[in-house]
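Source file: input.cif; contents: mmCIF, N, CA and C atoms.
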data_work
loop_
_atom_site.label_atom_id
_atom_site.label_comp_id
_atom_site.auth_asym_id
_atom_site.auth_seq_id
_atom_site.Cartn_x
_atom_site.Cartn_y
_atom_site.Cartn_z
N MET A 98 37.87 -7.66 35.80
CA MET A 98 38.89 -8.68 35.59
C MET A 98 38.28 -9.81 34.75
N THR A 99 38.98 -10.20 33.69
CA THR A 99 38.48 -11.29 32.84
C THR A 99 38.58 -12.61 33.58
N LYS A 100 37.86 -13.61 33.06
CA LYS A 100 37.95 -14.94 33.66
C LYS A 100 39.37 -15.47 33.59
N PHE A 101 40.06 -15.20 32.48
CA PHE A 101 41.44 -15.65 32.33
C PHE A 101 42.33 -14.97 33.36
N ALA A 102 42.18 -13.68 33.54
CA ALA A 102 43.01 -12.96 34.51
C ALA A 102 42.72 -13.45 35.92
N ALA A 103 41.47 -13.71 36.23
CA ALA A 103 41.12 -14.22 37.56
C ALA A 103 41.74 -15.59 37.78
N PHE A 104 41.63 -16.47 36.79
CA PHE A 104 42.24 -17.80 36.87
C PHE A 104 43.75 -17.68 37.03
N SER A 105 44.37 -16.86 36.18
CA SER A 105 45.82 -16.70 36.21
C SER A 105 46.27 -16.14 37.54
N SER A 106 45.55 -15.15 38.04
CA SER A 106 45.90 -14.55 39.32
C SER A 106 45.88 -15.59 40.43
N ASN A 107 44.85 -16.43 40.45
CA ASN A 107 44.73 -17.47 41.46
C ASN A 107 45.83 -18.51 41.32
N GLU A 108 46.03 -19.04 40.11
CA GLU A 108 47.00 -20.11 39.88
C GLU A 108 48.44 -19.63 40.07
N LEU A 109 48.74 -18.44 39.58
CA LEU A 109 50.12 -17.97 39.59
C LEU A 109 50.49 -17.24 40.87
N THR A 110 49.59 -16.41 41.35
CA THR A 110 49.90 -15.60 42.52
C THR A 110 49.57 -16.30 43.82
N LEU A 111 48.37 -16.83 43.93
CA LEU A 111 47.95 -17.43 45.19
C LEU A 111 48.45 -18.87 45.33
N GLN A 112 48.27 -19.68 44.31
CA GLN A 112 48.66 -21.09 44.39
C GLN A 112 50.16 -21.30 44.12
N ARG A 113 50.81 -20.32 43.53
CA ARG A 113 52.24 -20.37 43.20
C ARG A 113 52.63 -21.61 42.41
N ARG A 114 51.78 -21.99 41.45
CA ARG A 114 52.06 -23.15 40.61
C ARG A 114 53.00 -22.80 39.46
N SER A 115 53.10 -21.54 39.13
CA SER A 115 53.96 -21.08 38.05
C SER A 115 54.17 -19.59 38.24
N VAL A 116 54.87 -18.96 37.31
CA VAL A 116 55.09 -17.52 37.44
C VAL A 116 54.48 -16.70 36.30
N GLY A 117 54.27 -17.33 35.14
CA GLY A 117 53.70 -16.60 34.02
C GLY A 117 53.08 -17.53 33.01
N ILE A 118 52.14 -16.98 32.23
CA ILE A 118 51.45 -17.78 31.22
C ILE A 118 51.10 -16.88 30.04
N VAL A 119 51.18 -17.46 28.83
CA VAL A 119 50.75 -16.77 27.61
C VAL A 119 49.87 -17.74 26.85
N VAL A 120 48.71 -17.27 26.41
CA VAL A 120 47.76 -18.11 25.70
C VAL A 120 47.41 -17.43 24.38
N GLY A 121 47.46 -18.20 23.30
CA GLY A 121 47.03 -17.70 22.00
C GLY A 121 45.66 -18.26 21.68
N LEU A 122 44.75 -17.40 21.30
CA LEU A 122 43.38 -17.81 20.96
C LEU A 122 43.09 -17.49 19.51
N VAL A 123 42.50 -18.44 18.81
CA VAL A 123 42.05 -18.23 17.44
C VAL A 123 40.60 -18.64 17.40
N ASP A 124 39.72 -17.68 17.11
CA ASP A 124 38.30 -17.98 17.02
C ASP A 124 37.65 -17.04 16.02
N ASP A 125 36.34 -16.98 16.01
CA ASP A 125 35.64 -16.14 15.03
C ASP A 125 35.91 -14.65 15.22
N LYS A 126 36.51 -14.27 16.35
CA LYS A 126 36.88 -12.87 16.59
C LYS A 126 38.27 -12.56 16.08
N GLY A 127 38.99 -13.58 15.63
CA GLY A 127 40.34 -13.38 15.13
C GLY A 127 41.38 -14.02 16.04
N VAL A 128 42.59 -13.49 15.99
CA VAL A 128 43.70 -13.99 16.79
C VAL A 128 43.93 -13.04 17.96
N ARG A 129 44.04 -13.63 19.15
CA ARG A 129 44.32 -12.82 20.35
C ARG A 129 45.41 -13.50 21.17
N ILE A 130 46.23 -12.69 21.77
CA ILE A 130 47.27 -13.17 22.69
C ILE A 130 46.95 -12.59 24.06
N ILE A 131 46.84 -13.46 25.04
CA ILE A 131 46.57 -13.03 26.41
C ILE A 131 47.73 -13.51 27.27
N SER A 132 48.26 -12.61 28.09
CA SER A 132 49.38 -12.99 28.94
C SER A 132 49.16 -12.47 30.36
N TYR A 133 49.82 -13.16 31.29
CA TYR A 133 49.72 -12.77 32.70
C TYR A 133 50.97 -13.25 33.42
N GLY A 134 51.52 -12.43 34.25
CA GLY A 134 52.62 -12.84 35.11
C GLY A 134 53.98 -12.45 34.60
N LYS A 135 54.99 -13.05 35.21
CA LYS A 135 56.38 -12.70 34.95
C LYS A 135 57.13 -13.87 34.29
N ALA A 136 58.28 -13.54 33.70
CA ALA A 136 59.10 -14.54 33.03
C ALA A 136 59.71 -15.52 34.03
N LYS A 137 60.07 -15.06 35.20
CA LYS A 137 60.62 -15.92 36.25
C LYS A 137 60.48 -15.20 37.58
N GLN A 138 60.65 -15.95 38.62
CA GLN A 138 60.56 -15.36 39.95
C GLN A 138 61.68 -14.35 40.14
N ASN A 139 61.42 -13.38 40.99
CA ASN A 139 62.40 -12.34 41.34
C ASN A 139 62.84 -11.50 40.14
N THR A 140 61.91 -11.21 39.25
CA THR A 140 62.19 -10.34 38.12
C THR A 140 60.96 -9.48 37.84
N ASP A 141 61.19 -8.37 37.17
CA ASP A 141 60.07 -7.52 36.76
C ASP A 141 59.70 -7.75 35.30
N GLN A 142 60.40 -8.66 34.61
CA GLN A 142 60.15 -8.93 33.20
C GLN A 142 58.84 -9.70 33.05
N VAL A 143 57.87 -9.05 32.41
CA VAL A 143 56.57 -9.69 32.21
C VAL A 143 56.59 -10.56 30.96
N VAL A 144 55.71 -11.55 30.91
CA VAL A 144 55.60 -12.41 29.73
C VAL A 144 54.70 -11.74 28.70
N ASN A 145 54.95 -12.07 27.43
CA ASN A 145 54.14 -11.52 26.35
C ASN A 145 54.19 -12.49 25.17
N ALA A 146 53.69 -12.08 24.04
CA ALA A 146 53.62 -12.95 22.85
C ALA A 146 54.98 -13.40 22.37
N ASP A 147 56.06 -12.70 22.73
CA ASP A 147 57.40 -13.06 22.30
C ASP A 147 58.16 -13.88 23.34
N SER A 148 57.54 -14.19 24.45
CA SER A 148 58.20 -14.96 25.51
C SER A 148 58.46 -16.39 25.04
N VAL A 149 59.59 -16.94 25.46
CA VAL A 149 59.96 -18.31 25.11
C VAL A 149 59.79 -19.19 26.34
N PHE A 150 59.06 -20.29 26.17
CA PHE A 150 58.82 -21.23 27.26
C PHE A 150 59.34 -22.60 26.86
N GLU A 151 59.77 -23.37 27.83
CA GLU A 151 60.09 -24.76 27.57
C GLU A 151 58.76 -25.50 27.49
N ILE A 152 58.55 -26.18 26.39
CA ILE A 152 57.31 -26.93 26.27
C ILE A 152 57.53 -28.32 26.81
N GLY A 153 56.56 -28.84 27.44
CA GLY A 153 56.71 -30.15 28.06
C GLY A 153 55.81 -31.19 27.44
N SER A 154 55.39 -32.08 28.23
CA SER A 154 54.64 -33.24 27.78
C SER A 154 53.31 -32.90 27.12
N VAL A 155 52.81 -31.72 27.34
CA VAL A 155 51.51 -31.36 26.77
C VAL A 155 51.53 -31.40 25.24
N THR A 156 52.69 -31.24 24.64
CA THR A 156 52.76 -31.21 23.18
C THR A 156 52.78 -32.59 22.54
N LYS A 157 53.04 -33.62 23.32
CA LYS A 157 53.18 -34.97 22.75
C LYS A 157 51.92 -35.41 22.01
N VAL A 158 50.77 -35.13 22.57
CA VAL A 158 49.51 -35.54 21.93
C VAL A 158 49.33 -34.83 20.59
N PHE A 159 49.61 -33.53 20.57
CA PHE A 159 49.43 -32.76 19.34
C PHE A 159 50.44 -33.19 18.28
N THR A 160 51.68 -33.39 18.70
CA THR A 160 52.72 -33.81 17.76
C THR A 160 52.42 -35.18 17.18
N ALA A 161 52.00 -36.12 18.02
CA ALA A 161 51.67 -37.47 17.55
C ALA A 161 50.49 -37.44 16.58
N THR A 162 49.51 -36.61 16.86
CA THR A 162 48.35 -36.50 15.98
C THR A 162 48.75 -35.95 14.62
N LEU A 163 49.56 -34.91 14.61
CA LEU A 163 50.02 -34.34 13.34
C LEU A 163 50.90 -35.32 12.58
N LEU A 164 51.78 -36.01 13.30
CA LEU A 164 52.64 -36.99 12.64
C LEU A 164 51.83 -38.11 12.01
N SER A 165 50.86 -38.64 12.75
CA SER A 165 50.05 -39.73 12.18
C SER A 165 49.26 -39.26 10.97
N ASP A 166 48.80 -38.03 11.00
CA ASP A 166 48.08 -37.47 9.85
C ASP A 166 49.02 -37.35 8.64
N MET A 167 50.24 -36.90 8.87
CA MET A 167 51.21 -36.77 7.78
C MET A 167 51.59 -38.14 7.21
N VAL A 168 51.69 -39.15 8.06
CA VAL A 168 51.99 -40.51 7.60
C VAL A 168 50.82 -41.02 6.75
N GLU A 169 49.60 -40.83 7.23
CA GLU A 169 48.41 -41.28 6.48
C GLU A 169 48.32 -40.63 5.11
N ARG A 170 48.72 -39.38 5.00
CA ARG A 170 48.67 -38.67 3.72
C ARG A 170 49.88 -38.96 2.83
N GLY A 171 50.82 -39.75 3.36
CA GLY A 171 52.01 -40.11 2.58
C GLY A 171 53.06 -39.03 2.51
N GLU A 172 52.99 -38.04 3.37
CA GLU A 172 53.95 -36.94 3.36
C GLU A 172 55.28 -37.33 4.01
N VAL A 173 55.22 -38.21 4.98
CA VAL A 173 56.42 -38.69 5.67
C VAL A 173 56.24 -40.17 5.97
N SER A 174 57.35 -40.81 6.33
CA SER A 174 57.31 -42.20 6.77
C SER A 174 57.91 -42.24 8.17
N LEU A 175 57.38 -43.10 9.00
CA LEU A 175 57.92 -43.23 10.36
C LEU A 175 59.36 -43.70 10.34
N ASN A 176 59.78 -44.35 9.26
CA ASN A 176 61.16 -44.83 9.14
C ASN A 176 62.11 -43.79 8.56
N ASP A 177 61.62 -42.60 8.25
CA ASP A 177 62.47 -41.55 7.73
C ASP A 177 63.47 -41.10 8.79
N PRO A 178 64.76 -40.98 8.42
CA PRO A 178 65.72 -40.43 9.37
C PRO A 178 65.44 -38.94 9.57
N ILE A 179 65.63 -38.46 10.78
CA ILE A 179 65.32 -37.04 11.05
C ILE A 179 66.22 -36.11 10.27
N SER A 180 67.38 -36.59 9.85
CA SER A 180 68.34 -35.74 9.14
C SER A 180 67.77 -35.17 7.84
N ILE A 181 66.83 -35.88 7.21
CA ILE A 181 66.30 -35.37 5.93
C ILE A 181 65.37 -34.18 6.13
N TYR A 182 64.96 -33.90 7.36
CA TYR A 182 64.08 -32.77 7.65
C TYR A 182 64.81 -31.62 8.34
N LEU A 183 66.09 -31.79 8.57
CA LEU A 183 66.89 -30.76 9.25
C LEU A 183 67.90 -30.16 8.29
N SER A 184 68.42 -29.02 8.67
CA SER A 184 69.44 -28.35 7.87
C SER A 184 70.66 -29.25 7.72
N THR A 185 71.26 -29.21 6.54
CA THR A 185 72.46 -30.03 6.31
C THR A 185 73.63 -29.55 7.17
N SER A 186 73.54 -28.34 7.70
CA SER A 186 74.61 -27.83 8.56
C SER A 186 74.56 -28.45 9.97
N LEU A 187 73.45 -29.12 10.29
CA LEU A 187 73.33 -29.77 11.59
C LEU A 187 73.84 -31.20 11.52
N LYS A 188 74.63 -31.56 12.51
CA LYS A 188 75.08 -32.95 12.60
C LYS A 188 74.13 -33.66 13.54
N THR A 189 73.34 -34.56 13.00
CA THR A 189 72.39 -35.29 13.84
C THR A 189 73.08 -36.49 14.47
N PRO A 190 72.80 -36.72 15.73
CA PRO A 190 73.43 -37.85 16.40
C PRO A 190 72.86 -39.18 15.90
N THR A 191 73.62 -40.22 16.11
CA THR A 191 73.15 -41.56 15.80
C THR A 191 73.08 -42.34 17.11
N ARG A 192 72.38 -43.45 17.08
CA ARG A 192 72.29 -44.31 18.26
C ARG A 192 72.64 -45.72 17.81
N ASN A 193 73.68 -46.27 18.42
CA ASN A 193 74.18 -47.60 18.06
C ASN A 193 74.46 -47.69 16.56
N GLY A 194 75.00 -46.60 15.99
CA GLY A 194 75.34 -46.57 14.58
C GLY A 194 74.16 -46.40 13.64
N LYS A 195 72.96 -46.18 14.18
CA LYS A 195 71.74 -46.05 13.37
C LYS A 195 71.22 -44.62 13.47
N GLU A 196 70.78 -44.08 12.33
CA GLU A 196 70.20 -42.74 12.35
C GLU A 196 68.89 -42.74 13.12
N ILE A 197 68.64 -41.65 13.81
CA ILE A 197 67.39 -41.50 14.56
C ILE A 197 66.26 -41.24 13.56
N THR A 198 65.15 -41.93 13.71
CA THR A 198 64.00 -41.80 12.80
C THR A 198 62.85 -41.06 13.48
N LEU A 199 61.85 -40.72 12.68
CA LEU A 199 60.64 -40.11 13.23
C LEU A 199 59.96 -41.07 14.21
N LEU A 200 60.01 -42.36 13.93
CA LEU A 200 59.44 -43.34 14.85
C LEU A 200 60.18 -43.30 16.19
N ASP A 201 61.51 -43.22 16.15
CA ASP A 201 62.28 -43.13 17.39
C ASP A 201 61.86 -41.91 18.21
N LEU A 202 61.70 -40.78 17.54
CA LEU A 202 61.28 -39.57 18.26
C LEU A 202 59.88 -39.73 18.83
N SER A 203 58.98 -40.29 18.02
CA SER A 203 57.58 -40.36 18.46
C SER A 203 57.35 -41.37 19.57
N THR A 204 58.24 -42.35 19.68
CA THR A 204 58.10 -43.35 20.74
C THR A 204 59.10 -43.12 21.88
N GLN A 205 59.80 -42.01 21.79
CA GLN A 205 60.78 -41.61 22.80
C GLN A 205 61.86 -42.67 23.00
N THR A 206 62.31 -43.24 21.89
CA THR A 206 63.36 -44.25 21.96
C THR A 206 64.60 -43.80 21.18
N SER A 207 64.74 -42.50 20.95
CA SER A 207 65.86 -41.98 20.16
C SER A 207 67.17 -41.99 20.93
N GLY A 208 67.09 -42.01 22.24
CA GLY A 208 68.32 -41.94 23.04
C GLY A 208 68.79 -40.52 23.28
N LEU A 209 68.04 -39.53 22.77
CA LEU A 209 68.42 -38.14 23.02
C LEU A 209 68.22 -37.84 24.51
N PRO A 210 69.10 -37.02 25.08
CA PRO A 210 68.99 -36.71 26.52
C PRO A 210 67.80 -35.80 26.80
N GLU A 211 67.31 -35.87 28.03
CA GLU A 211 66.26 -34.96 28.47
C GLU A 211 66.86 -33.56 28.60
N LEU A 212 66.00 -32.55 28.54
CA LEU A 212 66.47 -31.19 28.78
C LEU A 212 66.86 -31.06 30.24
N ALA A 213 67.91 -30.31 30.46
CA ALA A 213 68.37 -30.11 31.85
C ALA A 213 67.78 -28.82 32.41
#
Just dump the structure as structure tokens.
Amino acid sequence: MTKFAAFSSNELTLQRRSVGIVVGLVDDKGVRIISYGKAKQNTDQVVNADSVFEIGSVTKVFTATLLSDMVERGEVSLNDPISIYLSTSLKTPTRNGKEITLLDLSTQTSGLPELA
């Protein structure tokens, strides 16, 4: 049993903190996808590289880092409305008559609802 499988078995099966996990690794050996567990409780559907997960707060640090790098390189501005980066077929909401900006998203002040 690999260290990852042992960890996953303990966290998912014994500790019941979650039901499934998928990890992508990129290193000098190439790209690897490692998965363990099920898509949800009371199902036989296992997770794999194509599984869809709701991402949570863990992504905020990575997103903020990438955004700040893009601002520093002049690729985007924090005052840019999000509509210029989305398909024209999407109707982006406004808040108090103002378009939502990248700054609003990055500071969580856009007024968009939380996922239910």
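Counting only N, CA and C atoms and comparing A:Ser203, A:Asp177, A:Gly134, A:Ala146, the residue that lies closest to A:Ala161 is A:Ser203.
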Could you tell me how far atom CA of A:Thr189 sits from atom CA of A:Phe150, in Å to one decimal place?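 Going from atom CA of A:Phe150 over to atom CA of A:Thr189 covers 23.7 Å.
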Find the spatial neighbours of A:Gln138, counting only C-alpha atoms, within a cut-off of 9 Å - ignore same-chain residues fewer than 2 positions away - and output them as a list in words.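 Once the adjacent positions are removed, what remains is Ser115, Val116, Lys135, Ala136, Thr140 and Asp141 of chain A.
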Taking the DSSP secondary structure from the backbone, can you list the residues of stretch 115-165 of chain A that are alpha helix (DSSP H), as number ranges by chain? A: 155-165
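Here atom N of A:Phe159 stands at a distance of 20.8 Å from atom CA of A:Pro178.
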In stretch 138-210 of chain A, DSSP strand (DSSP E or B) residues written as a PyMOL selection string: chain A and resi 143+178+191-192+195-196+198
Atomic distance atom CA of A:Asn193 - atom CA of A:Leu164, expressed in Å with one decimal: 24.6 Å
Point out the residue among A:Thr162, A:Leu199, A:Ser148, A:Gly117 with the least atom-to-atom distance to A:Tyr133, counting only N, CA and C atoms. A:Gly117
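Across the chains present, the PyMOL selection byres ((chain A and resi 175) around 7) applied to this file returns Val168, Val173, Ser174, Asn176, Asp177, Pro178, Thr198, Leu199, Leu200 and Asp201 of chain A.
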